[in-house]
Every structure is written in structure tokens, then in C-alpha cells.
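K.L.:
The structure's right below; bear with me while I get my questions together.
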There are 2 protein chains.
Amino acid sequence: MADTDDMRAGEKRVDLAPPADAVLRFIGHIETPFTSRDLCPRQGRIDGPECVLHLAPEWVPALRGIEAYEMVEVLYWLHESRRDLVLQSPKSDGETRGTFALRSPVRPNPIGTAHVRLIRVDGPRVTVRGLDCLNATPLIDLKPDRCAYSPAAPEKPTATG
Amino acid sequence: MADTDDMRAGEKRVDLAPPADAVLRFIGHIETPFTSRDLCPRQGRIDGPECVLHLAPEWVPALRGIEAYEMVEVLYWLHESRRDLVLQSPKSDGETRGTFALRSPVRPNPIGTAHVRLIRVDGPRVTVRGLDCLNATPLIDLKPDRCAYSPAAPEKPTATG
């Protein structure tokens, strides 16, 4: 989270007041085989290694019914990322682009999203494949994947435009 | 955000300390035609009405390069949602399920994710189709859709498992 070191050519940061708009409550953590940033793949693969979402006890009842879904969306907090870059020059190609044109972990709000395959649920442990994050990453949310999820009721009327 | 009123049959809440794990910084807000919850569709449609992401001035440079992507992932804060339910009985079918088996806006961390079609970028205004959120919803992040995004460099070696 250093503000000025480790910047590459073309990168640009902004001065920001401390964030104060909304507060997250971690619901657990993620166990992955990726114990350093160098071991993290650039993108998770559905046939990648098994990873385990460890839920805090109070949230275990909230898993009821999730085993019906093959694919789950996972949100997590990229706790090692700085948050003040507007332009970035990824090591991979050195080209400078805006933060919102990249899926870099460096973002104003470093939230990762992944679509993972649900392997099994065992009490507070949810085993999945498809993650690319560091071991011990804080867990924010999980929900049925949009593609797999159909509301049980008929569509509501929609506003037109 | 009331704690005990408006609960349906079968629903269960938990007592929680105030959230304190990470703090978000809103990067703008979202203009949609959905001015009340009853007008929000259950899921956004790629052929739905145009909506506008309004970026705060300091984040406008971070849009550089985003116009290359047809599909963009948007994260937003569901600011009217309570956060303490572990079991929910959606009005649509009355069946009680765990919060993590639903895409309900009621979640421990009420973050919405959407995959939207990018229509145009005009300074701080990013016009998209595919959202289903309330007008004036706080914006958290936008990034190239996973499906459309390919890192420019070769795959890194991955850990096995």
C-alpha cells in the first residue's frame, strides 16, 4: 500500500482522502495453493487446483441450498493491493492503460470476482476450482453464478428505455 | 437497514458487530431509469435501457483504453440493503434458502456485480446497457469483462494441484 514507490514508467497516482463511504465485514478467508504473488496465475481456470472457502461460523447457515449450483461467483478482498493508481503499466507488456481498462488487482476498491466450479460443501468449508488469488485472501461474498441462476418467479415488468 | 422488522416466515438474522474489516471509496454513481425498487428488473438485460456510470473527476483518467472492450463488469454498492440475514424467503416463491444460495441484494456485504454492454464513453460518463440497480446507486468499480479480457503476455506457470 506504499504510495509512491514501485511505480513503473507512465503510471500515475492520485492523492486521495482515506476511504470512508462503506465498510466491509469479511465473512471468512480463502485457502489456495498460491502462497506468493509469483505463484498466482493471471486468471483462474475451472480445471485449476482445489481451493477452500472457509466461512466464519455465523455465516454457515447462509450456505443452505448452494449445493444445487454448479457454478458460483466469489468476491474477495485483494488485501495487498495499493489503491491510488489511475494509470498502470503492467509488467506483461509495459503499455500504459487506465485502471478501469485492466483487471489488475490495483484498483480504487480492490475487490476480486471469480466464477468458480463448486466441488463440495462440508460444514464451513466450500471447495471450489477456478480461483487465482493468494492464500489467506479475505472472503467477501459468494452467490450462484448469474448464468446458472434463474429467479423462480416470472419476470417483473421492466422499465422501458 | 432495520434489524428485525420486515422479516418473512423462515427468515433468520444474526447479531453482528459493526463491520470494520475494509473500507470502500465510492468512485461515482449510476444513473438508471429505475427510480424505485419495484421498477428494478430481477436481472439486467443486455438489451435493456441505457444507464450512465458517472465517474468522479479524479477517476476519469483511469478510463483510458476501456472503449476497446464491448463488455464490462460493473460493481456497485446496494446501499438500501440490510446485511444481517442468513436465511431468506424471497417474495417470488416463499421458499427459504441461505443468503449465499440467492442473488438477493440482502447480503453481509451488499455488492452487486453486472456484466454490461459498453455503449459509449464521453468524459466522465460511461453509457452501458444491462444494469438492474436503483437510480443513484454508488459505483465501486468497472473492469473489462473476464470473457473479453486476455492478458497481453503469455500465461505464467501455474501451481499444480
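Ordered as shown in the C-alpha cells, chains take letters A, B, and onward, while each chain numbers its residues from 1 and ligands are numbered from 1 in the order shown.
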Just need chain A moved onto chain B: least-squares over all Cα atoms matched in order, then output as a PDB file with C-alpha atoms, in the first residue's frame.

P.N.:
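Printed below is result_25.pdb as written:
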ATOM      1  CA  MET A   1     -31.219  -1.445   7.322  1.00  0.00           C
ATOM      2  CA  ALA A   2     -33.761  -2.120  10.056  1.00  0.00           C
ATOM      3  CA  ASP A   3     -32.703  -5.176  12.022  1.00  0.00           C
ATOM      4  CA  THR A   4     -35.890  -7.005  12.851  1.00  0.00           C
ATOM      5  CA  ASP A   5     -38.870  -5.614  10.966  1.00  0.00           C
ATOM      6  CA  ASP A   6     -39.924  -6.771   7.533  1.00  0.00           C
ATOM      7  CA  MET A   7     -38.839 -10.366   8.061  1.00  0.00           C
ATOM      8  CA  ARG A   8     -40.753 -13.153   6.298  1.00  0.00           C
ATOM      9  CA  ALA A   9     -41.597 -16.671   7.507  1.00  0.00           C
ATOM     10  CA  GLY A  10     -38.489 -18.826   7.902  1.00  0.00           C
ATOM     11  CA  GLU A  11     -36.030 -15.977   7.706  1.00  0.00           C
ATOM     12  CA  LYS A  12     -33.181 -15.814  10.195  1.00  0.00           C
ATOM     13  CA  ARG A  13     -30.888 -12.983  11.193  1.00  0.00           C
ATOM     14  CA  VAL A  14     -27.646 -12.886  13.139  1.00  0.00           C
ATOM     15  CA  ASP A  15     -26.351 -10.366  15.656  1.00  0.00           C
ATOM     16  CA  LEU A  16     -23.237  -8.759  14.298  1.00  0.00           C
ATOM     17  CA  ALA A  17     -20.692  -6.245  15.451  1.00  0.00           C
ATOM     18  CA  PRO A  18     -20.414  -3.213  13.171  1.00  0.00           C
ATOM     19  CA  PRO A  19     -18.380  -4.011  10.046  1.00  0.00           C
ATOM     20  CA  ALA A  20     -14.765  -2.908  10.386  1.00  0.00           C
ATOM     21  CA  ASP A  21     -12.588  -5.008   8.082  1.00  0.00           C
ATOM     22  CA  ALA A  22     -12.111  -2.838   4.983  1.00  0.00           C
ATOM     23  CA  VAL A  23     -13.411   0.502   3.775  1.00  0.00           C
ATOM     24  CA  LEU A  24     -14.720   1.352   0.316  1.00  0.00           C
ATOM     25  CA  ARG A  25     -14.325   4.605  -1.566  1.00  0.00           C
ATOM     26  CA  PHE A  26     -17.182   5.248  -3.988  1.00  0.00           C
ATOM     27  CA  ILE A  27     -15.851   6.269  -7.411  1.00  0.00           C
ATOM     28  CA  GLY A  28     -19.087   7.771  -8.684  1.00  0.00           C
ATOM     29  CA  HIS A  29     -22.744   6.864  -9.045  1.00  0.00           C
ATOM     30  CA  ILE A  30     -25.049   5.140 -11.521  1.00  0.00           C
ATOM     31  CA  GLU A  31     -27.947   6.801 -13.285  1.00  0.00           C
ATOM     32  CA  THR A  32     -30.691   4.337 -14.213  1.00  0.00           C
ATOM     33  CA  PRO A  33     -34.383   4.675 -15.147  1.00  0.00           C
ATOM     34  CA  PHE A  34     -35.274   2.527 -12.115  1.00  0.00           C
ATOM     35  CA  THR A  35     -36.364   5.080  -9.556  1.00  0.00           C
ATOM     36  CA  SER A  36     -37.906   2.628  -7.084  1.00  0.00           C
ATOM     37  CA  ARG A  37     -37.252  -0.983  -6.115  1.00  0.00           C
ATOM     38  CA  ASP A  38     -40.495  -2.044  -7.784  1.00  0.00           C
ATOM     39  CA  LEU A  39     -39.208  -0.750 -11.112  1.00  0.00           C
ATOM     40  CA  CYS A  40     -35.915  -2.661 -10.924  1.00  0.00           C
ATOM     41  CA  PRO A  41     -35.889  -5.784 -13.092  1.00  0.00           C
ATOM     42  CA  ARG A  42     -34.822  -9.012 -11.382  1.00  0.00           C
ATOM     43  CA  GLN A  43     -31.834  -9.273 -13.664  1.00  0.00           C
ATOM     44  CA  GLY A  44     -30.313  -6.773 -16.060  1.00  0.00           C
ATOM     45  CA  ARG A  45     -30.659  -7.459 -19.781  1.00  0.00           C
ATOM     46  CA  ILE A  46     -28.046  -6.612 -22.346  1.00  0.00           C
ATOM     47  CA  ASP A  47     -30.849  -5.104 -24.474  1.00  0.00           C
ATOM     48  CA  GLY A  48     -32.238  -3.180 -21.497  1.00  0.00           C
ATOM     49  CA  PRO A  49     -32.327   0.600 -21.208  1.00  0.00           C
ATOM     50  CA  GLU A  50     -29.230   2.768 -21.345  1.00  0.00           C
ATOM     51  CA  CYS A  51     -27.753   3.617 -17.950  1.00  0.00           C
ATOM     52  CA  VAL A  52     -24.888   6.022 -17.212  1.00  0.00           C
ATOM     53  CA  LEU A  53     -21.920   5.487 -14.910  1.00  0.00           C
ATOM     54  CA  HIS A  54     -20.882   8.928 -13.652  1.00  0.00           C
ATOM     55  CA  LEU A  55     -17.234   8.883 -12.587  1.00  0.00           C
ATOM     56  CA  ALA A  56     -15.805  11.270 -10.007  1.00  0.00           C
ATOM     57  CA  PRO A  57     -13.280  13.648 -11.664  1.00  0.00           C
ATOM     58  CA  GLU A  58     -10.163  12.088 -10.130  1.00  0.00           C
ATOM     59  CA  TRP A  59     -11.008   8.712 -11.710  1.00  0.00           C
ATOM     60  CA  VAL A  60     -11.702   9.857 -15.275  1.00  0.00           C
ATOM     61  CA  PRO A  61      -8.078   9.261 -16.431  1.00  0.00           C
ATOM     62  CA  ALA A  62      -8.491   5.645 -15.284  1.00  0.00           C
ATOM     63  CA  LEU A  63     -10.953   5.079 -18.163  1.00  0.00           C
ATOM     64  CA  ARG A  64      -8.178   5.268 -20.779  1.00  0.00           C
ATOM     65  CA  GLY A  65      -8.470   2.253 -23.062  1.00  0.00           C
ATOM     66  CA  ILE A  66     -11.806   0.960 -21.809  1.00  0.00           C
ATOM     67  CA  GLU A  67     -13.505   1.769 -25.119  1.00  0.00           C
ATOM     68  CA  ALA A  68     -11.678  -1.224 -26.616  1.00  0.00           C
ATOM     69  CA  TYR A  69     -13.981  -3.559 -24.693  1.00  0.00           C
ATOM     70  CA  GLU A  70     -17.504  -4.475 -25.709  1.00  0.00           C
ATOM     71  CA  MET A  71     -18.425  -5.985 -22.349  1.00  0.00           C
ATOM     72  CA  VAL A  72     -17.553  -4.527 -18.956  1.00  0.00           C
ATOM     73  CA  GLU A  73     -18.023  -5.822 -15.421  1.00  0.00           C
ATOM     74  CA  VAL A  74     -19.544  -3.263 -13.046  1.00  0.00           C
ATOM     75  CA  LEU A  75     -19.502  -3.411  -9.230  1.00  0.00           C
ATOM     76  CA  TYR A  76     -21.829  -1.265  -7.144  1.00  0.00           C
ATOM     77  CA  TRP A  77     -22.989  -0.840  -3.576  1.00  0.00           C
ATOM     78  CA  LEU A  78     -26.576  -1.867  -2.835  1.00  0.00           C
ATOM     79  CA  HIS A  79     -26.997   0.964  -0.401  1.00  0.00           C
ATOM     80  CA  GLU A  80     -30.549   0.169   0.674  1.00  0.00           C
ATOM     81  CA  SER A  81     -29.938  -3.444   1.699  1.00  0.00           C
ATOM     82  CA  ARG A  82     -29.927  -4.864   5.192  1.00  0.00           C
ATOM     83  CA  ARG A  83     -26.915  -7.078   5.894  1.00  0.00           C
ATOM     84  CA  ASP A  84     -27.837  -9.425   8.730  1.00  0.00           C
ATOM     85  CA  LEU A  85     -29.953 -12.206   7.157  1.00  0.00           C
ATOM     86  CA  VAL A  86     -28.540 -15.724   6.850  1.00  0.00           C
ATOM     87  CA  LEU A  87     -31.824 -17.299   5.683  1.00  0.00           C
ATOM     88  CA  GLN A  88     -34.203 -15.553   3.285  1.00  0.00           C
ATOM     89  CA  SER A  89     -37.661 -16.323   1.912  1.00  0.00           C
ATOM     90  CA  PRO A  90     -37.901 -14.429  -1.369  1.00  0.00           C
ATOM     91  CA  LYS A  91     -41.292 -12.982  -2.119  1.00  0.00           C
ATOM     92  CA  SER A  92     -41.168 -14.681  -5.512  1.00  0.00           C
ATOM     93  CA  ASP A  93     -41.634 -18.215  -4.213  1.00  0.00           C
ATOM     94  CA  GLY A  94     -41.602 -18.090  -0.402  1.00  0.00           C
ATOM     95  CA  GLU A  95     -39.102 -20.944  -0.171  1.00  0.00           C
ATOM     96  CA  THR A  96     -36.437 -20.379   2.490  1.00  0.00           C
ATOM     97  CA  ARG A  97     -32.833 -20.552   1.339  1.00  0.00           C
ATOM     98  CA  GLY A  98     -29.425 -19.452   2.531  1.00  0.00           C
ATOM     99  CA  THR A  99     -28.262 -15.976   1.582  1.00  0.00           C
ATOM    100  CA  PHE A 100     -25.334 -17.439  -0.387  1.00  0.00           C
ATOM    101  CA  ALA A 101     -27.741 -19.573  -2.478  1.00  0.00           C
ATOM    102  CA  LEU A 102     -29.512 -16.401  -3.645  1.00  0.00           C
ATOM    103  CA  ARG A 103     -28.547 -13.378  -5.717  1.00  0.00           C
ATOM    104  CA  SER A 104     -30.698 -11.216  -3.436  1.00  0.00           C
ATOM    105  CA  PRO A 105     -29.379  -7.713  -2.677  1.00  0.00           C
ATOM    106  CA  VAL A 106     -29.592  -8.625   1.028  1.00  0.00           C
ATOM    107  CA  ARG A 107     -26.086  -9.887   1.846  1.00  0.00           C
ATOM    108  CA  PRO A 108     -23.388  -9.428   4.510  1.00  0.00           C
ATOM    109  CA  ASN A 109     -21.618  -7.177   2.006  1.00  0.00           C
ATOM    110  CA  PRO A 110     -24.233  -5.840  -0.405  1.00  0.00           C
ATOM    111  CA  ILE A 111     -22.126  -5.614  -3.557  1.00  0.00           C
ATOM    112  CA  GLY A 112     -23.845  -6.044  -6.895  1.00  0.00           C
ATOM    113  CA  THR A 113     -21.994  -7.295  -9.964  1.00  0.00           C
ATOM    114  CA  ALA A 114     -23.209  -6.965 -13.535  1.00  0.00           C
ATOM    115  CA  HIS A 115     -21.844  -7.747 -16.974  1.00  0.00           C
ATOM    116  CA  VAL A 116     -22.904  -4.873 -19.193  1.00  0.00           C
ATOM    117  CA  ARG A 117     -22.522  -3.776 -22.781  1.00  0.00           C
ATOM    118  CA  LEU A 118     -20.414  -0.662 -23.266  1.00  0.00           C
ATOM    119  CA  ILE A 119     -22.240   1.828 -25.488  1.00  0.00           C
ATOM    120  CA  ARG A 120     -20.055   4.950 -25.308  1.00  0.00           C
ATOM    121  CA  VAL A 121     -17.583   6.909 -23.191  1.00  0.00           C
ATOM    122  CA  ASP A 122     -17.920  10.685 -23.022  1.00  0.00           C
ATOM    123  CA  GLY A 123     -15.590  12.276 -20.460  1.00  0.00           C
ATOM    124  CA  PRO A 124     -16.771  11.168 -17.015  1.00  0.00           C
ATOM    125  CA  ARG A 125     -19.915   9.502 -18.447  1.00  0.00           C
ATOM    126  CA  VAL A 126     -19.863   5.824 -19.396  1.00  0.00           C
ATOM    127  CA  THR A 127     -23.091   4.664 -21.036  1.00  0.00           C
ATOM    128  CA  VAL A 128     -23.947   0.964 -20.736  1.00  0.00           C
ATOM    129  CA  ARG A 129     -26.849  -1.483 -21.102  1.00  0.00           C
ATOM    130  CA  GLY A 130     -27.549  -4.403 -18.781  1.00  0.00           C
ATOM    131  CA  LEU A 131     -27.939  -2.948 -15.304  1.00  0.00           C
ATOM    132  CA  ASP A 132     -30.828  -3.640 -12.919  1.00  0.00           C
ATOM    133  CA  CYS A 133     -29.980  -1.354  -9.989  1.00  0.00           C
ATOM    134  CA  LEU A 134     -31.734   1.630  -8.470  1.00  0.00           C
ATOM    135  CA  ASN A 135     -31.059   5.106  -9.765  1.00  0.00           C
ATOM    136  CA  ALA A 136     -28.264   6.835  -7.779  1.00  0.00           C
ATOM    137  CA  THR A 137     -26.604   3.567  -6.748  1.00  0.00           C
ATOM    138  CA  PRO A 138     -22.987   4.185  -5.639  1.00  0.00           C
ATOM    139  CA  LEU A 139     -20.361   2.906  -8.086  1.00  0.00           C
ATOM    140  CA  ILE A 140     -17.465   0.797  -6.756  1.00  0.00           C
ATOM    141  CA  ASP A 141     -15.562  -0.421  -9.809  1.00  0.00           C
ATOM    142  CA  LEU A 142     -15.594  -1.242 -13.516  1.00  0.00           C
ATOM    143  CA  LYS A 143     -13.258  -3.513 -15.449  1.00  0.00           C
ATOM    144  CA  PRO A 144     -13.087  -5.412 -18.717  1.00  0.00           C
ATOM    145  CA  ASP A 145     -15.299  -8.454 -18.653  1.00  0.00           C
ATOM    146  CA  ARG A 146     -13.358 -11.609 -17.882  1.00  0.00           C
ATOM    147  CA  CYS A 147     -14.566 -13.299 -21.086  1.00  0.00           C
ATOM    148  CA  ALA A 148     -13.333 -10.445 -23.268  1.00  0.00           C
ATOM    149  CA  TYR A 149     -10.089  -9.775 -21.427  1.00  0.00           C
ATOM    150  CA  SER A 150      -6.887 -11.513 -22.413  1.00  0.00           C
ATOM    151  CA  PRO A 151      -3.665 -10.650 -20.670  1.00  0.00           C
ATOM    152  CA  ALA A 152      -1.212  -9.488 -23.317  1.00  0.00           C
ATOM    153  CA  ALA A 153       1.573 -11.737 -22.088  1.00  0.00           C
ATOM    154  CA  PRO A 154       1.918 -15.518 -22.181  1.00  0.00           C
ATOM    155  CA  GLU A 155       0.418 -17.505 -19.313  1.00  0.00           C
ATOM    156  CA  LYS A 156       2.559 -17.668 -16.203  1.00  0.00           C
ATOM    157  CA  PRO A 157       3.394 -21.107 -14.885  1.00  0.00           C
ATOM    158  CA  THR A 158       0.628 -22.209 -12.516  1.00  0.00           C
ATOM    159  CA  ALA A 159       0.860 -24.116  -9.271  1.00  0.00           C
ATOM    160  CA  THR A 160      -0.380 -27.641  -9.625  1.00  0.00           C
ATOM    161  CA  GLY A 161      -3.025 -29.339  -7.548  1.00  0.00           C
TER     162      GLY A 161
END

K.L.:
Where in region 44-126 of chain B does DSSP assign strand (DSSP E), given as a PyMOL selection string?

P.N.:
chain B and resi 50-55+71-77+85-88+97-98+111-122+125-126

K.L.:
So which bits of region 7-153 of chain B end up helix (DSSP H, G or I) when you DSSP the backbone, as a list in words?

P.N.:
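Result set for region 7-153 of chain B (helix (DSSP H, G or I)): Arg37, Asp38, Leu39, Pro57, Glu58, Trp59, Val60, Pro61, Ala62, Leu63, Ile66, Glu67, Ala68, Thr99, Phe100 and Ala101 of chain B.
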